[in-house]
>>> print(open('start-v4.tsv').read())   # TSV, C-alpha atoms and all ligand atoms
chain	number	residue	atom	x	y	z
A	1	MET	CA	0.00	0.00	0.00
A	2	ASN	CA	1.53	3.36	-0.93
A	3	ASN	CA	0.92	6.64	0.87
A	4	SER	CA	-1.96	7.78	-1.24
A	5	ASP	CA	-3.78	4.43	-0.85
A	6	ASP	CA	-3.22	4.71	2.85
A	7	LEU	CA	-4.67	8.21	2.92
A	8	GLU	CA	-7.57	7.06	0.77
A	9	SER	CA	-8.43	4.19	3.11
A	10	LYS	CA	-8.17	6.46	6.15
A	11	THR	CA	-10.59	8.90	4.55
A	12	PHE	CA	-12.85	5.99	3.70
A	13	ILE	CA	-12.84	4.67	7.26
A	14	ALA	CA	-13.51	8.16	8.61
A	15	SER	CA	-16.49	8.44	6.22
A	16	LEU	CA	-17.78	5.05	7.33
A	17	ASN	CA	-17.61	6.01	11.01
A	18	ARG	CA	-19.27	9.34	10.34
A	19	SER	CA	-21.97	7.49	8.38
A	20	ARG	CA	-22.83	5.31	11.37
A	21	GLU	CA	-23.08	8.43	13.55
A	22	ILE	CA	-25.44	10.09	11.06
A	23	GLU	CA	-27.55	6.93	10.89
A	24	ARG	CA	-28.06	7.04	14.64
A	25	ASP	CA	-29.04	10.70	14.56
A	26	ILE	CA	-31.44	10.27	11.62
A	27	ALA	CA	-33.41	7.78	13.67
A	28	ILE	CA	-33.87	10.36	16.43
A	29	ASN	CA	-34.22	13.49	14.34
A	30	PRO	CA	-35.53	12.65	10.83
A	31	SER	CA	-36.75	16.17	10.10
A	32	GLY	CA	-33.22	17.56	10.39
A	33	TYR	CA	-32.20	15.70	7.25
A	34	ARG	CA	-32.80	15.90	3.54
A	35	VAL	CA	-31.58	13.04	1.46
A	36	LEU	CA	-30.69	13.43	-2.19
A	37	THR	CA	-29.35	10.58	-4.25
A	38	GLY	CA	-29.96	9.08	-7.65
A	39	ASP	CA	-29.04	6.98	-10.63
A	40	ARG	CA	-28.30	7.25	-14.31
A	41	PRO	CA	-31.13	5.81	-16.39
A	42	THR	CA	-28.98	3.34	-18.32
A	43	GLY	CA	-30.90	0.11	-17.79
A	44	ASN	CA	-32.68	-2.05	-15.28
A	45	LEU	CA	-31.60	-2.29	-11.67
A	46	HIS	CA	-30.15	-5.45	-10.16
A	47	ILE	CA	-29.84	-6.92	-6.68
A	48	GLY	CA	-26.60	-4.99	-6.14
A	49	HIS	CA	-28.70	-1.82	-6.32
A	50	LEU	CA	-31.43	-3.35	-4.17
A	51	PHE	CA	-29.14	-4.36	-1.29
A	52	GLY	CA	-26.61	-1.56	-1.74
A	53	SER	CA	-28.91	1.44	-2.06
A	54	LEU	CA	-32.65	0.94	-2.72
A	55	GLN	CA	-33.31	-0.68	0.66
A	56	ASN	CA	-31.62	2.23	2.41
A	57	ARG	CA	-33.69	4.78	0.53
A	58	VAL	CA	-36.86	3.00	1.55
A	59	ARG	CA	-35.66	2.95	5.13
A	60	PHE	CA	-35.09	6.74	5.15
A	61	GLN	CA	-38.43	7.37	3.50
A	62	ASN	CA	-40.17	5.25	6.13
A	63	ALA	CA	-38.27	6.95	8.94
A	64	GLY	CA	-39.83	10.26	7.83
A	65	VAL	CA	-36.82	11.83	6.07
A	66	ARG	CA	-37.51	13.97	2.99
A	67	THR	CA	-36.00	11.96	0.20
A	68	PHE	CA	-35.22	13.27	-3.30
A	69	ILE	CA	-34.29	10.77	-5.99
A	70	VAL	CA	-32.71	12.35	-9.05
A	71	ILE	CA	-32.77	10.48	-12.33
A	72	ALA	CA	-29.57	11.81	-13.87
A	73	ASP	CA	-30.59	11.70	-17.53
A	74	TYR	CA	-28.09	14.29	-18.75
A	75	GLN	CA	-25.30	12.30	-17.10
A	76	VAL	CA	-25.93	9.42	-19.50
A	77	LEU	CA	-24.23	11.51	-22.20
A	78	THR	CA	-20.89	11.69	-20.41
A	79	ASP	CA	-19.52	8.53	-21.98
A	80	ARG	CA	-21.67	7.94	-25.08
A	81	GLU	CA	-22.98	9.88	-28.02
A	82	SER	CA	-26.56	8.71	-27.91
A	83	ALA	CA	-28.70	8.29	-24.84
A	84	GLY	CA	-30.81	5.62	-26.57
A	85	ASP	CA	-34.43	5.43	-25.50
A	86	ILE	CA	-33.93	7.67	-22.52
A	87	ALA	CA	-37.64	8.27	-21.80
A	88	GLY	CA	-38.29	4.52	-21.88
A	89	ASN	CA	-35.34	3.91	-19.55
A	90	ILE	CA	-36.66	6.52	-17.12
A	91	VAL	CA	-40.05	4.79	-16.97
A	92	GLU	CA	-38.35	1.42	-16.34
A	93	LEU	CA	-36.21	2.92	-13.60
A	94	VAL	CA	-39.25	4.38	-11.86
A	95	ILE	CA	-40.94	0.97	-12.06
A	96	ASP	CA	-37.90	-0.61	-10.35
A	97	TYR	CA	-38.01	2.10	-7.66
A	98	LEU	CA	-41.69	1.72	-6.89
A	99	ALA	CA	-41.59	-2.07	-6.95
A	100	SER	CA	-38.73	-1.96	-4.42
A	101	GLY	CA	-40.77	0.14	-2.00
A	102	LEU	CA	-40.21	3.80	-2.78
A	103	ASP	CA	-43.64	5.29	-2.30
A	104	PRO	CA	-44.51	8.51	-4.13
A	105	GLU	CA	-47.81	8.65	-2.21
A	106	ASN	CA	-45.60	9.41	0.77
A	107	GLU	CA	-45.14	13.22	0.87
A	108	ASN	CA	-41.51	12.69	1.80
A	109	THR	CA	-40.53	11.04	-1.45
A	110	SER	CA	-39.90	12.84	-4.77
A	111	ILE	CA	-38.55	11.21	-7.93
A	112	PHE	CA	-37.56	13.47	-10.84
A	113	PRO	CA	-35.36	13.57	-13.97
A	114	HIS	CA	-32.97	16.52	-13.66
A	115	SER	CA	-33.51	17.52	-17.30
A	116	HIS	CA	-36.96	18.73	-16.24
A	117	ILE	CA	-35.83	21.17	-13.56
A	118	PRO	CA	-34.59	24.33	-15.38
A	119	GLU	CA	-33.61	26.08	-12.12
A	120	LEU	CA	-31.41	23.15	-11.10
A	121	ASN	CA	-29.61	23.26	-14.43
A	122	GLN	CA	-29.16	27.00	-14.16
A	123	LEU	CA	-27.30	26.57	-10.88
A	124	LEU	CA	-24.55	24.89	-12.84
A	125	VAL	CA	-23.52	28.28	-14.26
A	126	PRO	CA	-22.57	30.06	-11.02
A	127	PHE	CA	-21.06	26.81	-9.68
A	128	LEU	CA	-18.68	26.54	-12.64
A	129	PHE	CA	-16.95	29.71	-11.48
A	130	LEU	CA	-16.20	28.17	-8.11
A	131	VAL	CA	-14.00	25.28	-9.24
A	132	SER	CA	-10.75	25.22	-11.12
A	133	LYS	CA	-9.99	23.30	-14.26
A	134	SER	CA	-7.27	21.34	-12.48
A	135	GLU	CA	-9.67	20.28	-9.74
A	136	LEU	CA	-11.91	18.80	-12.42
A	137	ASP	CA	-8.95	17.10	-14.13
A	138	ARG	CA	-7.86	15.44	-10.89
A	139	ASN	CA	-11.16	13.68	-10.10
A	140	PRO	CA	-10.24	9.97	-9.82
A	141	THR	CA	-13.76	8.68	-10.56
A	142	VAL	CA	-13.93	10.73	-13.75
A	143	LYS	CA	-10.51	9.42	-14.79
A	144	GLU	CA	-11.62	5.87	-14.19
A	145	GLU	CA	-14.81	6.31	-16.17
A	146	ILE	CA	-12.84	7.74	-19.07
A	147	SER	CA	-10.53	4.76	-19.13
A	148	ALA	CA	-13.30	2.20	-18.56
A	149	ALA	CA	-15.25	3.56	-21.52
A	150	GLY	CA	-12.07	3.73	-23.62
A	151	LEU	CA	-13.00	7.22	-24.77
A	152	LYS	CA	-10.91	8.82	-27.47
A	153	ASN	CA	-12.99	11.93	-27.64
A	154	ILE	CA	-13.85	13.20	-24.18
A	155	ASN	CA	-16.67	15.71	-24.03
A	156	ALA	CA	-16.60	18.64	-21.60
A	157	GLY	CA	-19.68	17.25	-19.86
A	158	MET	CA	-17.59	14.32	-18.65
A	159	TYR	CA	-15.36	16.72	-16.69
A	160	VAL	CA	-18.18	18.95	-15.57
A	161	TYR	CA	-20.79	16.41	-14.50
A	162	PRO	CA	-19.57	16.32	-10.88
A	163	VAL	CA	-20.38	20.06	-10.73
A	164	HIS	CA	-23.80	19.33	-12.20
A	165	GLN	CA	-24.21	16.69	-9.53
A	166	ALA	CA	-23.51	19.38	-6.92
A	167	ALA	CA	-26.39	21.31	-8.52
A	168	ASP	CA	-28.63	18.20	-8.12
A	169	ILE	CA	-27.82	18.06	-4.43
A	170	LEU	CA	-27.72	21.76	-3.57
A	171	SER	CA	-30.81	22.75	-5.59
A	172	VAL	CA	-32.93	20.96	-2.98
A	173	LYS	CA	-30.46	21.71	-0.17
A	174	GLY	CA	-29.78	18.04	0.41
A	175	ASN	CA	-27.54	17.51	3.43
A	176	ILE	CA	-27.22	13.73	3.25
A	177	VAL	CA	-26.10	11.87	0.15
A	178	PRO	CA	-26.20	8.06	0.32
A	179	VAL	CA	-23.58	6.90	-2.15
A	180	GLY	CA	-21.00	4.25	-2.89
A	181	LYS	CA	-17.29	4.76	-2.38
A	182	ASP	CA	-16.71	5.78	-6.01
A	183	GLN	CA	-18.88	8.86	-5.48
A	184	LEU	CA	-16.85	10.28	-2.57
A	185	PRO	CA	-14.71	12.57	-4.78
A	186	HIS	CA	-17.91	14.07	-6.23
A	187	LEU	CA	-19.26	14.70	-2.79
A	188	GLU	CA	-16.01	16.38	-1.72
A	189	LEU	CA	-16.37	18.68	-4.71
A	190	CYS	CA	-19.97	19.44	-3.78
A	191	ARG	CA	-18.88	20.38	-0.26
A	192	LEU	CA	-16.19	22.60	-1.69
A	193	ILE	CA	-18.70	24.36	-3.93
A	194	ALA	CA	-21.11	24.91	-1.02
A	195	ARG	CA	-18.31	26.24	1.19
A	196	ARG	CA	-16.86	28.53	-1.49
A	197	PHE	CA	-20.27	29.88	-2.44
A	198	ASN	CA	-21.10	30.64	1.16
A	199	ARG	CA	-17.75	32.26	1.75
A	200	ARG	CA	-17.83	34.39	-1.38
A	201	PHE	CA	-21.46	35.38	-1.52
A	202	GLY	CA	-23.40	33.75	1.21
A	203	GLY	CA	-23.09	35.89	4.31
A	204	LYS	CA	-24.98	33.64	6.68
A	205	GLY	CA	-24.65	30.63	4.43
A	206	VAL	CA	-26.98	29.74	1.59
A	207	PHE	CA	-25.92	26.11	1.33
A	208	PRO	CA	-25.45	23.22	3.73
A	209	GLU	CA	-22.27	21.16	3.34
A	210	PRO	CA	-23.75	17.78	2.45
A	211	GLU	CA	-22.32	14.62	3.94
A	212	ALA	CA	-21.85	11.22	2.35
A	213	LEU	CA	-23.67	8.30	3.82
A	214	LEU	CA	-21.87	5.09	2.97
A	215	SER	CA	-23.87	1.90	3.04
A	216	SER	CA	-22.68	-0.54	5.70
A	217	SER	CA	-22.85	-3.61	3.47
A	218	PRO	CA	-19.56	-4.42	1.72
A	219	ASN	CA	-19.38	-4.44	-2.06
A	220	ILE	CA	-21.75	-6.84	-3.73
A	221	LEU	CA	-19.88	-8.88	-6.27
A	222	GLY	CA	-21.31	-10.39	-9.40
A	223	LEU	CA	-21.86	-14.11	-9.90
A	224	ASP	CA	-18.27	-14.42	-11.09
A	225	GLY	CA	-17.34	-13.63	-7.48
A	226	THR	CA	-14.49	-11.34	-8.44
A	227	GLN	CA	-15.89	-8.13	-9.91
A	228	LYS	CA	-18.52	-5.68	-8.76
A	229	MET	CA	-22.01	-6.69	-9.88
A	230	SER	CA	-22.85	-4.69	-12.98
A	231	LYS	CA	-24.90	-4.85	-16.11
A	232	SER	CA	-21.91	-4.32	-18.36
A	233	ARG	CA	-20.01	-7.25	-16.82
A	234	ASN	CA	-22.86	-9.62	-17.44
A	235	ASN	CA	-22.75	-10.98	-13.89
A	236	ALA	CA	-25.94	-9.50	-12.42
A	237	ILE	CA	-29.36	-10.71	-11.27
A	238	PHE	CA	-31.93	-8.14	-12.33
A	239	LEU	CA	-35.06	-7.24	-10.43
A	240	ASN	CA	-37.05	-7.89	-13.59
A	241	SER	CA	-35.62	-11.30	-14.47
A	242	THR	CA	-37.73	-14.40	-13.83
A	243	ALA	CA	-37.36	-16.89	-10.99
A	244	ASP	CA	-36.24	-19.50	-13.55
A	245	ASP	CA	-33.56	-17.27	-15.05
A	246	THR	CA	-32.36	-16.43	-11.56
A	247	ALA	CA	-32.04	-20.14	-10.75
A	248	LYS	CA	-30.10	-20.74	-13.96
A	249	LEU	CA	-27.74	-17.84	-13.31
A	250	ILE	CA	-27.02	-19.01	-9.79
A	251	LYS	CA	-26.42	-22.55	-11.01
A	252	ARG	CA	-23.76	-21.21	-13.38
A	253	ALA	CA	-22.13	-19.02	-10.69
A	254	LYS	CA	-18.44	-19.65	-10.18
A	255	THR	CA	-17.41	-21.51	-6.98
A	256	ASP	CA	-14.34	-23.57	-6.06
A	257	SER	CA	-13.49	-27.23	-5.51
A	258	ILE	CA	-13.52	-27.32	-1.68
A	259	ARG	CA	-16.58	-29.26	-0.54
A	260	ALA	CA	-17.00	-27.82	2.99
A	261	ILE	CA	-18.66	-24.43	2.93
A	262	TYR	CA	-17.22	-21.67	5.10
A	263	TYR	CA	-17.05	-17.89	4.88
A	264	ASP	CA	-13.66	-16.46	3.98
A	265	PRO	CA	-13.80	-13.62	1.47
A	266	VAL	CA	-10.01	-13.54	1.05
A	267	THR	CA	-9.30	-17.16	0.10
A	268	ARG	CA	-12.78	-18.08	-1.15
A	269	PRO	CA	-14.25	-14.92	-2.71
A	270	GLU	CA	-16.83	-16.71	-4.91
A	271	VAL	CA	-18.34	-18.96	-2.22
A	272	SER	CA	-18.22	-16.11	0.29
A	273	ASN	CA	-20.05	-13.81	-2.09
A	274	LEU	CA	-22.88	-16.35	-2.46
A	275	LEU	CA	-23.03	-16.67	1.34
A	276	HIS	CA	-23.08	-12.90	1.61
A	277	LEU	CA	-26.01	-12.78	-0.81
A	278	VAL	CA	-27.97	-15.30	1.28
A	279	SER	CA	-27.18	-13.22	4.33
A	280	LEU	CA	-28.41	-10.01	2.68
A	281	THR	CA	-31.59	-11.78	1.68
A	282	THR	CA	-32.47	-13.44	4.96
A	283	GLY	CA	-30.64	-11.37	7.58
A	284	GLU	CA	-28.89	-14.49	8.91
A	285	ASP	CA	-25.14	-13.97	9.20
A	286	ALA	CA	-22.88	-15.55	6.61
A	287	ASP	CA	-21.02	-17.79	9.07
A	288	SER	CA	-24.18	-19.35	10.36
A	289	VAL	CA	-25.52	-19.94	6.83
A	290	ALA	CA	-22.21	-21.68	6.10
A	291	ALA	CA	-22.41	-23.78	9.25
A	292	ARG	CA	-25.89	-24.89	8.24
A	293	ILE	CA	-24.61	-26.08	4.86
A	294	GLY	CA	-21.33	-27.61	6.07
A	295	ASP	CA	-20.44	-30.50	3.78
A	296	GLY	CA	-23.49	-29.94	1.62
A	297	GLY	CA	-21.14	-28.24	-0.86
A	298	SER	CA	-21.79	-25.50	-3.35
A	299	ALA	CA	-24.85	-27.26	-4.80
A	300	LYS	CA	-26.62	-26.92	-1.47
A	301	LEU	CA	-25.42	-23.31	-1.11
A	302	LYS	CA	-26.79	-22.46	-4.55
A	303	GLN	CA	-30.09	-24.11	-3.77
A	304	ILE	CA	-30.47	-22.10	-0.56
A	305	LEU	CA	-29.53	-18.87	-2.32
A	306	THR	CA	-31.96	-19.53	-5.17
A	307	GLU	CA	-34.84	-20.17	-2.80
A	308	SER	CA	-34.18	-17.25	-0.49
A	309	LEU	CA	-33.47	-14.76	-3.24
A	310	ASN	CA	-36.45	-15.75	-5.36
A	311	GLY	CA	-38.58	-15.51	-2.22
A	312	ARG	CA	-37.30	-12.01	-1.46
A	313	LEU	CA	-37.76	-10.88	-5.07
A	314	ALA	CA	-41.20	-12.43	-5.63
A	315	PRO	CA	-43.28	-9.50	-4.32
A	316	ILE	CA	-41.01	-6.98	-6.09
A	317	ARG	CA	-41.38	-8.86	-9.37
A	318	LYS	CA	-45.14	-9.14	-8.98
A	319	ARG	CA	-45.48	-5.40	-8.33
A	320	ARG	CA	-43.13	-4.71	-11.26
A	321	GLN	CA	-45.38	-6.63	-13.60
A	322	GLU	CA	-48.44	-4.72	-12.46
A	323	LEU	CA	-46.67	-1.40	-12.84
A	324	GLU	CA	-45.61	-2.27	-16.41
A	325	HIS	CA	-49.29	-1.79	-17.30
A	326	GLU	CA	-49.69	1.46	-15.42
A	327	GLU	CA	-47.70	3.88	-17.54
A	328	GLN	CA	-50.05	6.78	-16.81
A	329	TYR	CA	-49.47	6.31	-13.10
A	330	ILE	CA	-45.69	6.33	-13.62
A	331	LEU	CA	-46.01	9.60	-15.54
A	332	ASP	CA	-48.09	11.06	-12.70
A	333	VAL	CA	-45.41	10.05	-10.23
A	334	LEU	CA	-42.79	11.83	-12.32
A	335	SER	CA	-44.84	14.97	-12.68
A	336	ARG	CA	-45.43	15.17	-8.96
A	337	GLY	CA	-41.70	14.66	-8.33
A	338	ILE	CA	-40.83	17.33	-10.89
A	339	GLN	CA	-43.23	19.80	-9.30
A	340	ARG	CA	-41.80	19.29	-5.83
A	341	ALA	CA	-38.17	19.45	-6.95
A	342	ARG	CA	-38.92	22.56	-8.99
A	343	THR	CA	-40.46	24.36	-6.06
A	344	GLU	CA	-37.25	23.73	-4.11
A	345	ALA	CA	-34.92	24.64	-6.97
A	346	GLU	CA	-36.80	27.87	-7.77
A	347	ARG	CA	-36.45	29.00	-4.19
A	348	THR	CA	-32.76	28.10	-4.12
A	349	LEU	CA	-32.03	29.92	-7.37
A	350	ARG	CA	-33.73	33.06	-6.04
A	351	GLU	CA	-31.54	32.93	-2.94
A	352	VAL	CA	-28.46	32.42	-5.10
A	353	ARG	CA	-29.25	35.43	-7.28
A	354	ARG	CA	-29.92	37.54	-4.24
A	355	ALA	CA	-26.67	36.49	-2.57
A	356	MET	CA	-24.76	37.25	-5.77
A	357	ASN	CA	-26.38	40.65	-6.15
A	358	MET	CA	-27.95	39.66	-9.42
A	359	GLU	CA	-31.56	40.09	-8.47
A	360	PHE	CA	-33.79	42.74	-9.97
A	361	ASP	CA	-37.22	43.57	-8.67
A	362	VAL	CA	-38.49	44.06	-12.18
A	363	LEU	CA	-37.52	40.64	-13.41
A	364	THR	CA	-38.31	37.21	-12.09
B	1	LIG	N1	-23.40	9.75	-10.50
B	1	LIG	C1	-24.39	8.92	-9.85
B	1	LIG	C2	-24.23	7.50	-10.42
B	1	LIG	O1	-23.69	7.33	-11.48
B	1	LIG	C3	-25.83	9.38	-10.06
B	1	LIG	C4	-26.10	10.75	-9.51
B	1	LIG	C5	-26.41	11.87	-10.22
B	1	LIG	C6	-26.08	11.15	-8.14
B	1	LIG	N2	-26.59	12.93	-9.41
B	1	LIG	C7	-26.40	12.54	-8.13
B	1	LIG	C8	-25.83	10.47	-6.95
B	1	LIG	C9	-26.44	13.25	-6.93
B	1	LIG	C10	-25.86	11.20	-5.76
B	1	LIG	C11	-26.17	12.57	-5.76
B	1	LIG	O2	-24.67	6.59	-9.77
>>> encode(input="start-v4.tsv", output="structure tokens", more="lines below")
Ligand code: TRP
Amino acid sequence: MNNSDDLESKTFIASLNRSREIERDIAINPSGYRVLTGDRPTGNLHIGHLFGSLQNRVRFQNAGVRTFIVIADYQVLTDRESAGDIAGNIVELVIDYLASGLDPENENTSIFPHSHIPELNQLLVPFLFLVSKSELDRNPTVKEEISAAGLKNINAGMYVYPVHQAADILSVKGNIVPVGKDQLPHLELCRLIARRFNRRFGGKGVFPEPEALLSSSPNILGLDGTQKMSKSRNNAIFLNSTADDTAKLIKRAKTDSIRAIYYDPVTRPEVSNLLHLVSLTTGEDADSVAARIGDGGSAKLKQILTESLNGRLAPIRKRRQELEHEEQYILDVLSRGIQRARTEAERTLREVRRAMNMEFDVLT
């Protein structure tokens, strides 16, 4: 481990500890928090999303925290020329959200595509003057995305999207951002923007400095047991796949040749990942699942995982199928989310103009 890795893991551990502290306070004081988080509409969600983030969002919603879910449709264009059927993808994403338990009938929950909030997008302009070009160049997540996509031609939006993401968060004055580790650099930038804006223009402080909330469950690997679960790696179980397909995928999952089942993510990453998935599904800890299987081998492990996971996903899949026929309802959900997010963003933009001395009585 070199010095910068060391620093990175220290920062990560500090963020994890702080996250647990925030979690405890949210339970006591839900109205002190506003959550903003979101996804790019690039395809259907899988169980990595369910266990890593969707469940947490539902938990905050149910605890009475105002929760804003941004569908980052502009962000899709960072690493590709065409966004494909973006409207169709947005509808599918909302179906995954609702089937997993996000409830737009709950006043606390708003789901919106950021392309539909002009005031949010306008915030990008003043924010761009608060960051330097070299700060944008240094962002490790952006660098990784550029290399992962093998881009020859990098558009300016790729460098600027973390600033746009700050506009997502700050337009609704989110102070809690549940994200994965890869998003920490973006959140640091957002904090910097909030701090610099307040210092330069804000007087008493227009913006909160949002904090990351890291999920406590370790990375969910794909069925290959070595890489993060993701659509592009072809190792994912999707919320919308069938029980049969799920069984087939699990049957094909990589394991090893040791018959006895025990949990050891270092020497047995594949088997341990399957145990971890059972544990996420049932709440039983991985060691005790393993002890139950013992010499039953990976066939038994796969059978248990298939049953528990299909059981957990059954109500989600049923609700998904119903929602597929309720497009008008999905559109209503989006328009309500857009209205609520717009009300917030309009107010924020007015405060920003006022703070910057750019407000005229004659104009709105
Ligand atoms: N970049 C995030 C992702 O790819 C999605 C996102 C957009 C987001 N805006 C955000 C996440 C604001 C948190 C806060 O998953």
>>> residues_around(input="start-v4.tsv", residues="Gly32 of chain A", least_positions_apart="6", cutoff="12 Å", atoms="all atoms listed in the file", output="JSON, numbers by chain")
{"A": [22, 25, 26, 63, 64, 65, 66, 67, 173, 174, 175, 176, 208]}
>>> atom_distance(input="start-v4.tsv", atom1="atom C4 of ligand LIG 1 (chain B)", atom2="atom CA of Ser134 of chain A")
21.8 Å
>>> residues_near_ligand(input="start-v4.tsv", ligand="ligand LIG 1 (chain B)", cutoff="6 Å", atoms="all atoms listed in the file", output="list in words")
Leu36, Thr37, Gly38, Asp39, Arg40, Ala72, Gln165, Asp168, Ile169 and Val177 of chain A
>>> residues_near_point(input="start-v4.tsv", point="(-25.2, 34.7, 0.7)", cutoff="12 Å", atoms="only C-alpha atoms", output="ChimeraX atom specification")
/A:194-208,348-358
>>> closest_residue(input="start-v4.tsv", among="A:Arg319, A:Ile250, A:Asn273, A:Gln183", to="Lys300 of chain A", atoms="all atoms listed in the file")
A:Ile250
>>> axis_aligned_box(input="start-v4.tsv", around="segment 202-220 of chain A", padding_each_side="4 Å", output="JSON")
{"center_x": -23.2, "center_y": 14.5, "center_z": 1.5, "size_x": 15.6, "size_y": 50.7, "size_z": 18.4}
>>> residues_around(input="start-v4.tsv", residues="segment 84-98 of chain A", least_positions_apart="6", cutoff="10 Å", atoms="all atoms listed in the file", output="VMD selection string")
chain A and resid 39 to 46 50 54 to 55 57 to 58 69 71 to 74 76 to 77 104 111 to 113 238 to 240 316 to 317 319 to 324 326 to 327 330 to 331 333 to 334
>>> atom_distance(input="start-v4.tsv", atom1="atom CA of Leu124 of chain A", atom2="atom CA of His164 of chain A")
5.6 Å
>>> residues_around(input="start-v4.tsv", residues="Ala14 of chain A", least_positions_apart="3", cutoff="12 Å", atoms="only C-alpha atoms", output="ChimeraX atom specification")
/A:7-11,17-21,184,211-214
>>> write_last_selection(input="start-v4.tsv", atoms="C-alpha atoms", output="PDB file, keeping the file's coordinate frame")
ATOM      1  CA  LEU A   7      -4.670   8.210   2.920  1.00  0.00           C
ATOM      2  CA  GLU A   8      -7.570   7.060   0.770  1.00  0.00           C
ATOM      3  CA  SER A   9      -8.430   4.190   3.110  1.00  0.00           C
ATOM      4  CA  LYS A  10      -8.170   6.460   6.150  1.00  0.00           C
ATOM      5  CA  THR A  11     -10.590   8.900   4.550  1.00  0.00           C
ATOM      6  CA  ASN A  17     -17.610   6.010  11.010  1.00  0.00           C
ATOM      7  CA  ARG A  18     -19.270   9.340  10.340  1.00  0.00           C
ATOM      8  CA  SER A  19     -21.970   7.490   8.380  1.00  0.00           C
ATOM      9  CA  ARG A  20     -22.830   5.310  11.370  1.00  0.00           C
ATOM     10  CA  GLU A  21     -23.080   8.430  13.550  1.00  0.00           C
ATOM     11  CA  LEU A 184     -16.850  10.280  -2.570  1.00  0.00           C
ATOM     12  CA  GLU A 211     -22.320  14.620   3.940  1.00  0.00           C
ATOM     13  CA  ALA A 212     -21.850  11.220   2.350  1.00  0.00           C
ATOM     14  CA  LEU A 213     -23.670   8.300   3.820  1.00  0.00           C
ATOM     15  CA  LEU A 214     -21.870   5.090   2.970  1.00  0.00           C
TER      16      LEU A 214
END
>>> residues_around(input="start-v4.tsv", residues="Ala149 of chain A", least_positions_apart="2", cutoff="10 Å", atoms="all atoms listed in the file", output="VMD selection string")
chain A and resid 78 to 80 144 to 147 151 to 152
>>> closest_residue(input="start-v4.tsv", among="A:Leu313, A:Ile304, A:Ala253, A:Leu102", to="Val289 of chain A", atoms="all atoms listed in the file")
A:Ile304
>>> atom_distance(input="start-v4.tsv", atom1="atom CA of Thr246 of chain A", atom2="atom CA of Val70 of chain A")
28.9 Å
>>> closest_residue(input="start-v4.tsv", among="A:Cys190, A:Tyr262, A:Ala27, A:Ser171", to="Pro118 of chain A", atoms="all atoms listed in the file")
A:Ser171
>>> closest_residue(input="start-v4.tsv", among="A:Ala260, A:His325, A:Pro178, A:Glu307", to="Gly294 of chain A", atoms="all atoms listed in the file")
A:Ala260
>>> build_atoms(input="start-v4.tsv", residues="segment 210-221 of chain A", atoms="N, CA and C atoms", output="JSON list (two decimals), in the frame of the given file")
[["chain", "number", "residue", "atom", "x", "y", "z"],
["A", 210, "PRO", "N", -23.16, 19.12, 2.37],
["A", 210, "PRO", "CA", -23.75, 17.78, 2.45],
["A", 210, "PRO", "C", -22.72, 16.71, 2.84],
["A", 211, "GLU", "N", -23.20, 15.71, 3.53],
["A", 211, "GLU", "CA", -22.32, 14.62, 3.94],
["A", 211, "GLU", "C", -22.67, 13.32, 3.23],
["A", 212, "ALA", "N", -21.64, 12.53, 2.97],
["A", 212, "ALA", "CA", -21.85, 11.22, 2.35],
["A", 212, "ALA", "C", -22.39, 10.25, 3.38],
["A", 213, "LEU", "N", -23.24, 9.38, 2.95],
["A", 213, "LEU", "CA", -23.67, 8.30, 3.82],
["A", 213, "LEU", "C", -23.33, 7.00, 3.10],
["A", 214, "LEU", "N", -22.29, 6.33, 3.61],
["A", 214, "LEU", "CA", -21.87, 5.09, 2.97],
["A", 214, "LEU", "C", -22.68, 3.92, 3.50],
["A", 215, "SER", "N", -23.09, 3.06, 2.61],
["A", 215, "SER", "CA", -23.87, 1.90, 3.04],
["A", 215, "SER", "C", -22.96, 0.95, 3.83],
["A", 216, "SER", "N", -23.55, 0.28, 4.84],
["A", 216, "SER", "CA", -22.68, -0.54, 5.70],
["A", 216, "SER", "C", -22.38, -1.90, 5.07],
["A", 217, "SER", "N", -23.14, -2.29, 4.03],
["A", 217, "SER", "CA", -22.85, -3.61, 3.47],
["A", 217, "SER", "C", -21.67, -3.52, 2.51],
["A", 218, "PRO", "N", -20.73, -4.46, 2.61],
["A", 218, "PRO", "CA", -19.56, -4.42, 1.72],
["A", 218, "PRO", "C", -20.00, -4.60, 0.27],
["A", 219, "ASN", "N", -19.06, -4.35, -0.63],
["A", 219, "ASN", "CA", -19.38, -4.44, -2.06],
["A", 219, "ASN", "C", -20.07, -5.74, -2.45],
["A", 220, "ILE", "N", -21.08, -5.64, -3.25],
["A", 220, "ILE", "CA", -21.75, -6.84, -3.73],
["A", 220, "ILE", "C", -21.11, -7.23, -5.06],
["A", 221, "LEU", "N", -20.55, -8.43, -5.05],
["A", 221, "LEU", "CA", -19.88, -8.88, -6.27],
["A", 221, "LEU", "C", -20.87, -9.58, -7.17]]
